[in-house]
>>> print(open('work-v8.txt').read())   # compact mmCIF, C-alpha atoms
# COMPACT_ATOMS: atom_id res chain seq x y z
CA MET O 1 37.44 67.40 0.35
CA ASN O 2 37.87 64.70 -2.30
CA THR O 3 40.95 62.49 -2.73
CA ILE O 4 42.61 64.66 -5.39
CA GLN O 5 42.06 67.87 -3.40
CA CYS O 6 43.43 66.17 -0.30
CA TYR O 7 46.44 64.91 -2.29
CA LEU O 8 47.13 68.38 -3.69
CA SER O 9 46.76 70.13 -0.35
CA CYS O 10 49.29 67.73 1.19
CA LEU O 11 51.72 68.49 -1.64
CA VAL O 12 51.28 72.26 -1.28
CA GLU O 13 51.54 72.24 2.50
CA SER O 14 54.66 70.09 2.48
CA GLY O 15 56.38 72.60 0.19
CA LEU O 16 57.23 69.83 -2.29
CA ILE O 17 54.83 71.03 -4.99
CA TYR O 18 57.54 72.80 -7.07
CA PRO O 19 60.01 69.89 -7.17
CA PHE O 20 56.99 67.62 -7.88
CA VAL O 21 55.82 69.71 -10.85
CA GLY O 22 59.42 70.02 -12.11
CA LEU O 23 60.03 66.26 -11.92
CA LEU O 24 56.68 65.53 -13.55
CA GLY O 25 57.61 67.90 -16.39
CA VAL O 26 60.97 66.15 -16.91
CA THR O 27 59.24 62.73 -16.82
CA ILE O 28 56.66 63.73 -19.45
CA THR O 29 59.39 65.29 -21.65
CA CYS O 30 61.49 62.09 -21.47
CA LEU O 31 58.42 60.01 -22.30
CA PHE O 32 57.67 62.18 -25.35
CA VAL O 33 61.30 61.92 -26.48
CA PHE O 34 61.02 58.14 -26.13
CA LEU O 35 57.84 58.05 -28.19
CA ILE O 36 59.66 59.95 -30.95
CA ASN O 37 63.14 58.36 -30.97
CA ARG O 38 62.36 54.96 -29.33
CA LYS O 39 65.75 55.04 -27.56
CA TYR O 40 66.20 53.01 -24.41
CA GLY O 41 67.93 55.89 -22.59
CA SER O 42 64.82 58.10 -22.87
CA LEU O 43 62.56 55.40 -21.46
CA LEU O 44 65.04 54.66 -18.67
CA GLY O 45 65.16 58.40 -17.84
CA SER O 46 61.39 58.82 -17.82
CA GLN O 47 60.89 55.73 -15.65
CA THR O 48 63.59 56.82 -13.19
CA PHE O 49 62.11 60.33 -12.88
CA MET O 50 58.63 58.82 -12.55
CA THR O 51 59.83 56.62 -9.67
CA ILE O 52 61.38 59.66 -7.91
CA THR O 53 58.20 61.71 -8.51
CA ILE O 54 55.94 59.00 -7.05
CA THR O 55 58.22 58.50 -4.01
CA LEU O 56 58.46 62.29 -3.41
CA SER O 57 54.72 62.81 -3.66
CA LEU O 58 53.99 59.90 -1.32
CA PHE O 59 56.48 61.22 1.25
CA SER O 60 54.66 64.57 1.28
CA MET O 61 51.41 62.90 2.30
CA GLN O 62 50.00 63.38 5.76
CA CYS O 63 47.16 61.68 7.63
CA ASP O 64 45.72 58.50 6.05
CA MET O 65 46.99 59.32 2.55
CA PHE O 66 50.43 58.23 3.82
CA GLN O 67 49.23 54.63 3.64
CA TRP O 68 49.64 54.81 -0.16
CA LEU O 69 53.41 54.88 0.40
CA TRP O 70 53.18 51.48 2.09
CA ILE O 71 50.96 50.11 -0.66
CA TYR O 72 53.46 51.37 -3.26
CA LEU O 73 56.41 49.85 -1.37
CA GLY O 74 54.41 46.62 -1.03
CA ILE O 75 53.83 46.46 -4.81
CA ILE O 76 57.56 47.02 -5.40
CA PHE O 77 58.52 44.36 -2.86
CA ILE O 78 56.14 41.72 -4.27
CA GLY O 79 57.12 42.62 -7.85
CA THR O 80 60.83 42.33 -7.05
CA LEU O 81 60.20 38.98 -5.39
CA ILE O 82 58.33 37.69 -8.46
CA ILE O 83 61.07 38.97 -10.80
CA SER O 84 63.75 37.24 -8.67
CA ILE O 85 61.83 33.94 -8.60
CA VAL O 86 61.28 34.05 -12.37
CA LYS O 87 64.98 34.84 -12.92
CA HIS O 88 66.00 31.95 -10.66
CA TYR O 89 63.61 29.58 -12.45
CA ILE O 90 64.93 30.61 -15.91
CA THR O 91 68.56 30.10 -14.76
CA LEU O 92 67.68 26.64 -13.40
CA GLN O 93 65.81 25.68 -16.55
CA ILE O 94 68.72 26.76 -18.76
CA SER O 95 71.33 24.94 -16.66
CA TYR O 96 69.22 21.76 -16.92
CA ASP O 97 69.15 21.99 -20.73
CA ILE O 98 72.81 22.83 -21.41
CA CYS O 99 74.70 20.04 -23.15
CA LYS O 100 78.39 19.28 -23.67
CA PRO O 101 80.42 21.80 -25.70
CA SER O 102 80.77 20.81 -29.32
CA PRO O 103 83.41 21.64 -31.97
CA PHE O 104 80.71 23.40 -33.99
CA ILE O 105 79.92 25.77 -31.12
CA SER O 106 83.62 26.33 -30.38
CA LYS O 107 84.05 27.52 -33.97
CA LEU O 108 81.14 29.97 -33.61
CA LYS O 109 82.55 31.20 -30.28
CA ARG O 110 85.93 31.97 -31.83
CA GLN O 111 84.32 33.73 -34.75
CA PHE O 112 82.01 35.98 -32.73
CA LYS O 113 84.14 36.24 -29.56
CA VAL O 114 81.13 35.64 -27.31
CA PRO O 115 80.32 32.78 -24.93
CA ILE O 116 77.87 30.45 -26.71
CA TYR O 117 76.16 27.44 -25.15
CA LEU O 118 74.27 24.60 -26.75
CA LEU O 119 70.80 23.67 -25.46
CA ASP O 120 69.82 20.02 -25.60
CA THR O 121 66.37 20.39 -27.11
CA GLN O 122 64.66 19.91 -30.46
CA LYS O 123 62.66 23.09 -29.83
CA ILE O 124 63.75 26.21 -31.66
CA LYS O 125 65.42 28.51 -29.16
CA ALA O 126 67.96 31.34 -29.38
CA PHE O 127 68.45 33.96 -26.71
CA ALA O 128 70.98 36.08 -24.88
CA TYR O 129 70.90 35.79 -21.11
CA GLN O 130 73.38 36.89 -18.46
CA LYS O 131 76.24 37.68 -20.87
CA LYS O 132 75.90 34.39 -22.74
CA ILE O 133 74.20 33.28 -25.95
CA TYR O 134 72.16 30.07 -25.97
CA LEU O 135 71.26 28.16 -29.14
CA SER O 136 69.24 24.97 -29.29
CA ILE O 137 70.16 21.98 -31.44
CA GLY O 138 66.69 22.20 -32.98
CA LEU O 139 67.54 25.67 -34.26
CA LEU O 140 70.97 24.63 -35.57
CA GLU O 141 69.37 21.73 -37.46
CA ARG O 142 67.05 24.01 -39.35
CA LEU O 143 69.45 26.72 -40.49
CA ASN O 144 72.49 26.76 -42.71
CA ASN O 145 75.78 28.21 -41.45
CA ASN O 146 75.18 31.73 -42.76
CA GLU O 147 71.71 31.85 -41.21
CA ILE O 148 73.10 30.61 -37.88
CA LYS O 149 75.66 33.44 -38.01
CA ALA O 150 72.81 35.94 -38.55
CA VAL O 151 71.03 34.58 -35.45
CA VAL O 152 74.25 34.77 -33.38
CA ALA O 153 74.86 38.36 -34.57
CA HIS O 154 71.27 39.26 -33.57
CA GLU O 155 71.78 37.79 -30.10
CA LYS O 156 75.22 39.40 -29.79
CA TYR O 157 73.55 42.79 -30.26
CA HIS O 158 71.19 41.99 -27.38
CA LEU O 159 74.16 40.95 -25.26
CA TYR O 160 76.00 44.24 -25.58
CA HIS O 161 73.39 46.85 -26.46
CA SER O 162 70.00 45.82 -25.16
CA PRO O 163 68.84 46.90 -21.72
CA ASN O 164 69.28 44.67 -18.75
CA LYS O 165 65.97 42.78 -18.56
CA ILE O 166 65.90 42.76 -14.75
CA LEU O 167 66.52 46.53 -14.49
CA SER O 168 63.99 47.13 -17.24
CA SER O 169 61.33 45.04 -15.46
CA PHE O 170 62.13 46.69 -12.12
CA LEU O 171 61.82 50.23 -13.53
CA ALA O 172 58.61 49.35 -15.36
CA LEU O 173 57.27 48.27 -11.97
CA THR O 174 58.51 51.13 -9.78
CA SER O 175 57.47 53.84 -12.24
CA LEU O 176 54.02 52.20 -12.57
CA THR O 177 54.26 52.78 -16.34
CA PHE O 178 54.69 49.05 -17.09
CA LEU O 179 56.51 50.04 -20.28
CA ARG O 180 59.17 47.63 -21.57
CA TYR O 181 61.72 48.42 -24.22
CA GLY O 182 61.73 46.16 -27.27
CA ASP O 183 65.01 46.03 -29.15
CA GLU O 184 64.35 43.43 -31.83
CA TYR O 185 64.47 45.79 -34.82
CA ASN O 186 67.87 47.24 -33.85
CA ALA O 187 69.25 43.74 -33.28
CA ASP O 188 67.87 42.71 -36.71
CA ARG O 189 69.53 45.72 -38.36
CA TYR O 190 72.85 44.87 -36.70
CA ALA O 191 72.63 41.22 -37.81
CA ALA O 192 71.68 42.24 -41.36
CA LYS O 193 74.59 44.68 -41.51
CA THR O 194 77.20 42.25 -40.20
CA THR O 195 76.10 38.96 -41.78
CA GLY O 196 73.97 39.95 -44.78
CA ILE O 197 70.32 40.89 -45.00
CA HIS O 198 69.31 37.75 -46.94
CA ASN O 199 70.75 35.42 -44.32
CA LEU O 200 68.71 37.12 -41.62
CA ILE O 201 65.53 37.14 -43.71
CA ASN O 202 65.93 33.43 -44.51
CA ALA O 203 66.50 32.66 -40.83
CA LEU O 204 63.40 34.64 -39.78
CA LYS O 205 61.30 32.85 -42.40
CA LYS O 206 62.60 29.35 -41.66
CA LEU O 207 62.11 29.77 -37.92
CA GLU O 208 58.56 31.07 -38.51
CA ILE O 209 59.20 33.94 -36.11
CA ARG O 210 56.05 35.76 -35.04
CA ASP O 211 55.65 39.05 -36.97
CA TYR O 212 58.53 38.13 -39.26
CA ASN O 213 56.92 40.00 -42.19
CA LYS O 214 56.81 43.16 -40.10
CA ARG O 215 60.42 42.67 -39.03
CA ILE O 216 61.56 42.11 -42.61
CA ARG O 217 59.72 45.29 -43.72
CA LYS O 218 61.45 47.26 -40.94
CA LEU O 219 64.84 46.12 -42.28
CA TYR O 220 64.23 47.99 -45.51
CA TYR O 221 63.04 51.26 -43.95
CA MET F 1 52.25 10.87 -22.44
CA VAL F 2 51.05 7.70 -20.73
CA LYS F 3 49.78 9.63 -17.74
CA ILE F 4 47.25 7.45 -15.99
CA GLU F 5 44.74 10.29 -15.82
CA ARG F 6 45.01 10.87 -19.56
CA ILE F 7 44.51 7.30 -20.73
CA SER F 8 41.46 7.11 -22.99
CA LEU F 9 40.21 3.53 -23.16
CA ASP F 10 37.51 4.47 -25.67
CA LYS F 11 40.11 5.20 -28.35
CA LYS F 12 41.72 2.63 -30.58
CA GLY F 13 45.38 1.65 -30.88
CA LEU F 14 48.29 3.61 -29.47
CA ILE F 15 46.29 6.83 -29.07
CA LYS F 16 44.76 5.27 -25.96
CA PHE F 17 48.08 6.03 -24.29
CA PHE F 18 49.80 8.64 -26.48
CA SER F 19 48.69 11.79 -28.26
CA PRO F 20 47.95 11.22 -31.98
CA ASN F 21 51.24 12.90 -33.01
CA GLU F 22 53.28 10.91 -30.48
CA ALA F 23 51.68 7.69 -31.70
CA ARG F 24 52.39 8.49 -35.37
CA ILE F 25 56.03 9.36 -34.69
CA LEU F 26 56.53 6.28 -32.50
CA GLU F 27 55.04 3.98 -35.18
CA LEU F 28 57.35 5.51 -37.78
CA LEU F 29 60.42 5.10 -35.57
CA TRP F 30 59.57 1.42 -34.95
CA LYS F 31 59.42 0.96 -38.71
CA LYS F 32 62.55 2.91 -39.71
CA MET F 33 64.60 2.59 -36.48
CA GLU F 34 66.76 5.72 -37.00
CA LEU F 35 65.53 9.10 -38.25
CA THR F 36 66.32 12.81 -38.04
CA SER F 37 63.61 15.37 -37.30
CA VAL F 38 63.74 16.56 -40.93
CA GLU F 39 63.17 12.98 -42.16
CA ILE F 40 60.20 12.68 -39.79
CA HIS F 41 58.89 15.97 -41.14
CA ASP F 42 59.23 14.66 -44.70
CA GLU F 43 56.96 11.76 -43.76
CA PHE F 44 54.40 13.93 -41.95
CA ASN F 45 53.99 17.05 -44.04
CA ASP F 46 50.81 17.98 -42.21
CA LEU F 47 52.80 18.56 -39.00
CA SER F 48 54.99 21.64 -38.61
CA LEU F 49 58.65 21.22 -37.62
CA PRO F 50 58.18 23.01 -34.26
CA CYS F 51 55.28 20.65 -33.50
CA ILE F 52 57.43 17.60 -34.37
CA GLY F 53 60.25 19.08 -32.25
CA GLY F 54 58.03 19.47 -29.18
CA THR F 55 56.61 15.95 -29.60
CA LEU F 56 60.09 14.42 -29.95
CA ASP F 57 61.29 16.26 -26.84
CA ARG F 58 58.34 14.82 -24.89
CA LEU F 59 58.97 11.28 -26.17
CA VAL F 60 62.65 11.54 -25.20
CA LYS F 61 61.80 12.92 -21.77
CA SER F 62 59.37 10.10 -21.07
CA GLY F 63 61.91 7.47 -22.14
CA PHE F 64 60.19 5.98 -25.20
CA VAL F 65 62.65 7.47 -27.69
CA LYS F 66 66.38 8.17 -27.40
CA ARG F 67 68.53 10.54 -29.41
CA LYS F 68 72.19 11.07 -30.10
CA ILE F 69 73.92 14.17 -31.38
CA ASP F 70 75.39 13.63 -34.81
CA GLU F 71 78.06 16.15 -35.66
CA ASN F 72 79.84 15.77 -38.92
CA GLY F 73 81.59 18.62 -40.67
CA ASN F 74 79.73 21.86 -40.29
CA ARG F 75 76.36 20.39 -39.34
CA ILE F 76 74.89 19.31 -36.06
CA ARG F 77 71.69 17.31 -35.69
CA TYR F 78 69.87 14.73 -33.60
CA ILE F 79 69.32 11.15 -34.69
CA TYR F 80 66.28 9.55 -33.06
CA SER F 81 65.63 5.88 -32.40
CA PRO F 82 63.01 4.01 -30.34
CA VAL F 83 64.09 2.80 -26.89
CA GLY F 84 62.26 -0.49 -27.23
CA ASN F 85 60.04 -2.28 -29.71
CA ARG F 86 56.24 -2.30 -29.60
CA GLU F 87 56.15 -5.22 -27.12
CA LYS F 88 58.58 -3.54 -24.73
CA VAL F 89 56.54 -0.34 -24.74
CA GLY F 90 53.38 -2.42 -24.17
CA LEU F 91 55.04 -4.04 -21.16
CA LYS F 92 56.09 -0.66 -19.73
CA ILE F 93 52.58 0.80 -20.10
CA SER F 94 50.88 -2.34 -18.68
CA GLU F 95 53.18 -2.25 -15.67
CA LYS F 96 52.33 1.38 -15.03
CA ILE F 97 48.58 0.79 -15.33
CA ILE F 98 48.59 -2.37 -13.18
CA GLU F 99 50.67 -0.63 -10.49
CA SER F 100 48.15 2.21 -10.42
CA LEU F 101 45.21 -0.25 -10.21
CA VAL F 102 46.90 -2.21 -7.40
CA ASP F 103 47.54 1.05 -5.53
CA THR F 104 43.85 1.89 -5.76
CA PHE F 105 42.08 -1.48 -5.49
CA GLY F 106 44.70 -3.70 -3.83
CA SER F 107 44.54 -7.52 -4.08
CA SER F 108 41.26 -7.55 -6.04
CA THR F 109 43.21 -6.24 -9.05
CA ILE F 110 45.66 -9.16 -8.83
CA ASP F 111 42.73 -11.62 -8.56
CA THR F 112 41.14 -10.08 -11.65
CA ILE F 113 44.41 -10.29 -13.61
CA GLY F 114 44.67 -13.96 -12.61
CA LYS F 115 41.07 -14.60 -13.74
CA ILE F 116 41.63 -12.89 -17.09
CA SER F 117 44.87 -14.76 -17.75
CA ARG F 118 43.20 -18.13 -16.93
CA ARG F 119 40.26 -17.24 -19.21
CA ARG F 120 42.60 -16.33 -22.07
CA LYS F 121 44.62 -19.58 -21.79
>>> encode(input="work-v8.txt", output="structure tokens")
Amino acid sequence: MNTIQCYLSCLVESGLIYPFVGLLGVTITCLFVFLINRKYGSLLGSQTFMTITITLSLFSMQCDMFQWLWIYLGIIFIGTLIISIVKHYITLQISYDICKPSPFISKLKRQFKVPIYLLDTQKIKAFAYQKKIYLSIGLLERLNNNEIKAVVAHEKYHLYHSPNKILSSFLALTSLTFLRYGDEYNADRYAAKTTGIHNLINALKKLEIRDYNKRIRKLYY
Amino acid sequence: MVKIERISLDKKGLIKFFSPNEARILELLWKKMELTSVEIHDEFNDLSLPCIGGTLDRLVKSGFVKRKIDENGNRIRYIYSPVGNREKVGLKISEKIIESLVDTFGSSTIDTIGKISRRRK
């Protein structure tokens, strides 16, 4: 009996074959829906169902096939540990770079009603992390006020609409699909709509963002 | 950035101790004393702004350049200036190298420095 036959016989004998097939069907449907509409909810659904399907199938295993459950749990444990360490490192790095609040940032905060912090670096950085927006002085130097507003609007979209990066990484790991949801185009559309398409395009060009031509094209379609 | 293991004695000038971009920016700052990153970029068109930004961050971190935040009106920017003149930087680097040599070779380094200084007088 080969591995697949053994795996299937365990599933059949445990009586979990019907829920397994049903869950697999739902997972594949969600994945197809995601490939068509590119919505985060569909990916989240497919990854959640995939995680349940894997766990269910591993629990139905008997004899030495059961060891796969421990390997799977081991992968999840190590992955979660790595994600936590990376998260901790990023938080530390950010806290090291934060500089004193400035009147310029206070003005932006009032305008966008989001917490904004200034990073003390000449490097060009803008990101949303843990319900806050971070902008580097290097970025602020390069852009005019309207372009800065476009960047803040882009990050504000990530803050309120983009998936939680930790949850997203965790689900990519547990579902063994390693699929991550990219939300840049939606954030670009939001920024273009709220602050003007030309401001966003100028900001993307000035900051020499990777794939900026592709992102600009997406704004028009 | 003046890391002992990265010192290249076969090169000439400041690039023995700094990367070529660090050396160029440092020379310019000694000449002009106060500059913004955009002004530095205007002088070195062959370098991209992100590259200049990274180099300036490294120079600040290692203590050869300082910066202050200049915020007037609606703009915010850094103004860079050198921490010391050429001689002061030379002193700092020499100290670092001699300390490393003394750590490795002990009193023979001090004897050699004495010999060289007597020879040069």
>>> atom_distance(input="work-v8.txt", atom1="CA of Pro19 (chain O)", atom2="CA of Leu31 (chain O)")
18.1 Å
>>> atom_distance(input="work-v8.txt", atom1="CA of Glu208 (chain O)", atom2="CA of Pro50 (chain F)")
9.1 Å
>>> atom_distance(input="work-v8.txt", atom1="CA of Lys193 (chain O)", atom2="CA of Leu108 (chain O)")
17.9 Å
>>> interface_residues(input="work-v8.txt", of="chain O", to="chain F", cutoff="7 Å", atoms="only C-alpha atoms", output="list in words")
Phe104, Thr121, Gln122, Lys123, Ile124, Ile137, Leu140 and Glu141 of chain O
>>> residues_near_point(input="work-v8.txt", point="(61.4, 9.0, -28.6)", cutoff="12 Å", atoms="all atoms listed in the file", output="PyMOL selection string")
(chain O and resi 122) or (chain F and resi 1+18+21-30+33-37+40+52-68+78-85+89)
>>> write_last_selection(input="work-v8.txt", atoms="C-alpha atoms", output="PDB file, keeping the file's coordinate frame")
ATOM      1  CA  GLN O 122      64.660  19.910 -30.460  1.00  0.00           C
TER       2      GLN O 122
ATOM      3  CA  MET F   1      52.250  10.870 -22.440  1.00  0.00           C
ATOM      4  CA  PHE F  18      49.800   8.640 -26.480  1.00  0.00           C
ATOM      5  CA  ASN F  21      51.240  12.900 -33.010  1.00  0.00           C
ATOM      6  CA  GLU F  22      53.280  10.910 -30.480  1.00  0.00           C
ATOM      7  CA  ALA F  23      51.680   7.690 -31.700  1.00  0.00           C
ATOM      8  CA  ARG F  24      52.390   8.490 -35.370  1.00  0.00           C
ATOM      9  CA  ILE F  25      56.030   9.360 -34.690  1.00  0.00           C
ATOM     10  CA  LEU F  26      56.530   6.280 -32.500  1.00  0.00           C
ATOM     11  CA  GLU F  27      55.040   3.980 -35.180  1.00  0.00           C
ATOM     12  CA  LEU F  28      57.350   5.510 -37.780  1.00  0.00           C
ATOM     13  CA  LEU F  29      60.420   5.100 -35.570  1.00  0.00           C
ATOM     14  CA  TRP F  30      59.570   1.420 -34.950  1.00  0.00           C
ATOM     15  CA  MET F  33      64.600   2.590 -36.480  1.00  0.00           C
ATOM     16  CA  GLU F  34      66.760   5.720 -37.000  1.00  0.00           C
ATOM     17  CA  LEU F  35      65.530   9.100 -38.250  1.00  0.00           C
ATOM     18  CA  THR F  36      66.320  12.810 -38.040  1.00  0.00           C
ATOM     19  CA  SER F  37      63.610  15.370 -37.300  1.00  0.00           C
ATOM     20  CA  ILE F  40      60.200  12.680 -39.790  1.00  0.00           C
ATOM     21  CA  ILE F  52      57.430  17.600 -34.370  1.00  0.00           C
ATOM     22  CA  GLY F  53      60.250  19.080 -32.250  1.00  0.00           C
ATOM     23  CA  GLY F  54      58.030  19.470 -29.180  1.00  0.00           C
ATOM     24  CA  THR F  55      56.610  15.950 -29.600  1.00  0.00           C
ATOM     25  CA  LEU F  56      60.090  14.420 -29.950  1.00  0.00           C
ATOM     26  CA  ASP F  57      61.290  16.260 -26.840  1.00  0.00           C
ATOM     27  CA  ARG F  58      58.340  14.820 -24.890  1.00  0.00           C
ATOM     28  CA  LEU F  59      58.970  11.280 -26.170  1.00  0.00           C
ATOM     29  CA  VAL F  60      62.650  11.540 -25.200  1.00  0.00           C
ATOM     30  CA  LYS F  61      61.800  12.920 -21.770  1.00  0.00           C
ATOM     31  CA  SER F  62      59.370  10.100 -21.070  1.00  0.00           C
ATOM     32  CA  GLY F  63      61.910   7.470 -22.140  1.00  0.00           C
ATOM     33  CA  PHE F  64      60.190   5.980 -25.200  1.00  0.00           C
ATOM     34  CA  VAL F  65      62.650   7.470 -27.690  1.00  0.00           C
ATOM     35  CA  LYS F  66      66.380   8.170 -27.400  1.00  0.00           C
ATOM     36  CA  ARG F  67      68.530  10.540 -29.410  1.00  0.00           C
ATOM     37  CA  LYS F  68      72.190  11.070 -30.100  1.00  0.00           C
ATOM     38  CA  TYR F  78      69.870  14.730 -33.600  1.00  0.00           C
ATOM     39  CA  ILE F  79      69.320  11.150 -34.690  1.00  0.00           C
ATOM     40  CA  TYR F  80      66.280   9.550 -33.060  1.00  0.00           C
ATOM     41  CA  SER F  81      65.630   5.880 -32.400  1.00  0.00           C
ATOM     42  CA  PRO F  82      63.010   4.010 -30.340  1.00  0.00           C
ATOM     43  CA  VAL F  83      64.090   2.800 -26.890  1.00  0.00           C
ATOM     44  CA  GLY F  84      62.260  -0.490 -27.230  1.00  0.00           C
ATOM     45  CA  ASN F  85      60.040  -2.280 -29.710  1.00  0.00           C
ATOM     46  CA  VAL F  89      56.540  -0.340 -24.740  1.00  0.00           C
TER      47      VAL F  89
END
>>> residues_near_point(input="work-v8.txt", point="(67.7, 33.5, -42.1)", cutoff="7 Å", atoms="only C-alpha atoms", output="PDB file with C-alpha atoms, keeping the file's coordinate frame")
ATOM      1  CA  GLU O 147      71.710  31.850 -41.210  1.00  0.00           C
ATOM      2  CA  ALA O 150      72.810  35.940 -38.550  1.00  0.00           C
ATOM      3  CA  HIS O 198      69.310  37.750 -46.940  1.00  0.00           C
ATOM      4  CA  ASN O 199      70.750  35.420 -44.320  1.00  0.00           C
ATOM      5  CA  LEU O 200      68.710  37.120 -41.620  1.00  0.00           C
ATOM      6  CA  ILE O 201      65.530  37.140 -43.710  1.00  0.00           C
ATOM      7  CA  ASN O 202      65.930  33.430 -44.510  1.00  0.00           C
ATOM      8  CA  ALA O 203      66.500  32.660 -40.830  1.00  0.00           C
ATOM      9  CA  LEU O 204      63.400  34.640 -39.780  1.00  0.00           C
ATOM     10  CA  LYS O 205      61.300  32.850 -42.400  1.00  0.00           C
ATOM     11  CA  LYS O 206      62.600  29.350 -41.660  1.00  0.00           C
TER      12      LYS O 206
END
>>> residues_around(input="work-v8.txt", residues="Tyr7 (chain O)", least_positions_apart="3", cutoff="8 Å", atoms="all atoms listed in the file", output="list in words")
Thr3, Ile4, Cys10, Leu11, Met61 and Met65 of chain O
>>> residues_around(input="work-v8.txt", residues="Lys165 (chain O)", least_positions_apart="4", cutoff="12 Å", atoms="all atoms listed in the file", output="ChimeraX atom specification")
/O:40,44,83-84,86-87,128-131,158-159,161,169-172,180-183
>>> axis_aligned_box(input="work-v8.txt", around="region 13-25 of chain O", padding_each_side="6 Å", output="AutoDock Vina command-line options")
--center_x 55.8 --center_y 69.2 --center_z -6.9 --size_x 20.5 --size_y 19.3 --size_z 30.9
>>> closest_residue(input="work-v8.txt", among="O:Gln67, O:Gly79, O:Glu13, O:Lys39", to="Leu173 (chain O)", atoms="all atoms listed in the file")
O:Gly79
>>> residues_around(input="work-v8.txt", residues="Tyr117 (chain O)", least_positions_apart="6", cutoff="12 Å", atoms="only C-alpha atoms", output="ChimeraX atom specification")
/O:94-95,97-109,125-137,140,152
>>> build_atoms(input="work-v8.txt", residues="region 44-58 of chain F", atoms="N, CA and C atoms", output="compact mmCIF listing (two decimals), in the coordinates of the input")
# COMPACT_ATOMS: atom_id res chain seq x y z
N PHE F 44 55.65 13.32 -42.45
CA PHE F 44 54.40 13.93 -41.95
C PHE F 44 54.35 15.41 -42.33
N ASN F 45 54.01 15.66 -43.57
CA ASN F 45 53.99 17.05 -44.04
C ASN F 45 52.91 17.89 -43.38
N ASP F 46 51.90 17.23 -42.84
CA ASP F 46 50.81 17.98 -42.21
C ASP F 46 51.22 18.54 -40.84
N LEU F 47 52.33 18.05 -40.30
CA LEU F 47 52.80 18.56 -39.00
C LEU F 47 53.93 19.56 -39.23
N SER F 48 53.92 20.66 -38.46
CA SER F 48 54.99 21.64 -38.61
C SER F 48 56.24 21.12 -37.89
N LEU F 49 57.40 21.66 -38.28
CA LEU F 49 58.65 21.22 -37.62
C LEU F 49 58.67 21.54 -36.12
N PRO F 50 58.21 22.75 -35.71
CA PRO F 50 58.18 23.01 -34.26
C PRO F 50 57.30 22.02 -33.50
N CYS F 51 56.19 21.61 -34.14
CA CYS F 51 55.28 20.65 -33.50
C CYS F 51 55.98 19.29 -33.36
N ILE F 52 56.68 18.87 -34.43
CA ILE F 52 57.43 17.60 -34.37
C ILE F 52 58.52 17.70 -33.30
N GLY F 53 59.19 18.85 -33.24
CA GLY F 53 60.25 19.08 -32.25
C GLY F 53 59.75 18.91 -30.83
N GLY F 54 58.62 19.54 -30.53
CA GLY F 54 58.03 19.47 -29.18
C GLY F 54 57.64 18.04 -28.84
N THR F 55 57.04 17.34 -29.83
CA THR F 55 56.61 15.95 -29.60
C THR F 55 57.82 15.05 -29.34
N LEU F 56 58.89 15.24 -30.14
CA LEU F 56 60.09 14.42 -29.95
C LEU F 56 60.71 14.66 -28.58
N ASP F 57 60.75 15.94 -28.17
CA ASP F 57 61.29 16.26 -26.84
C ASP F 57 60.51 15.52 -25.74
N ARG F 58 59.18 15.49 -25.90
CA ARG F 58 58.34 14.82 -24.89
C ARG F 58 58.60 13.31 -24.88
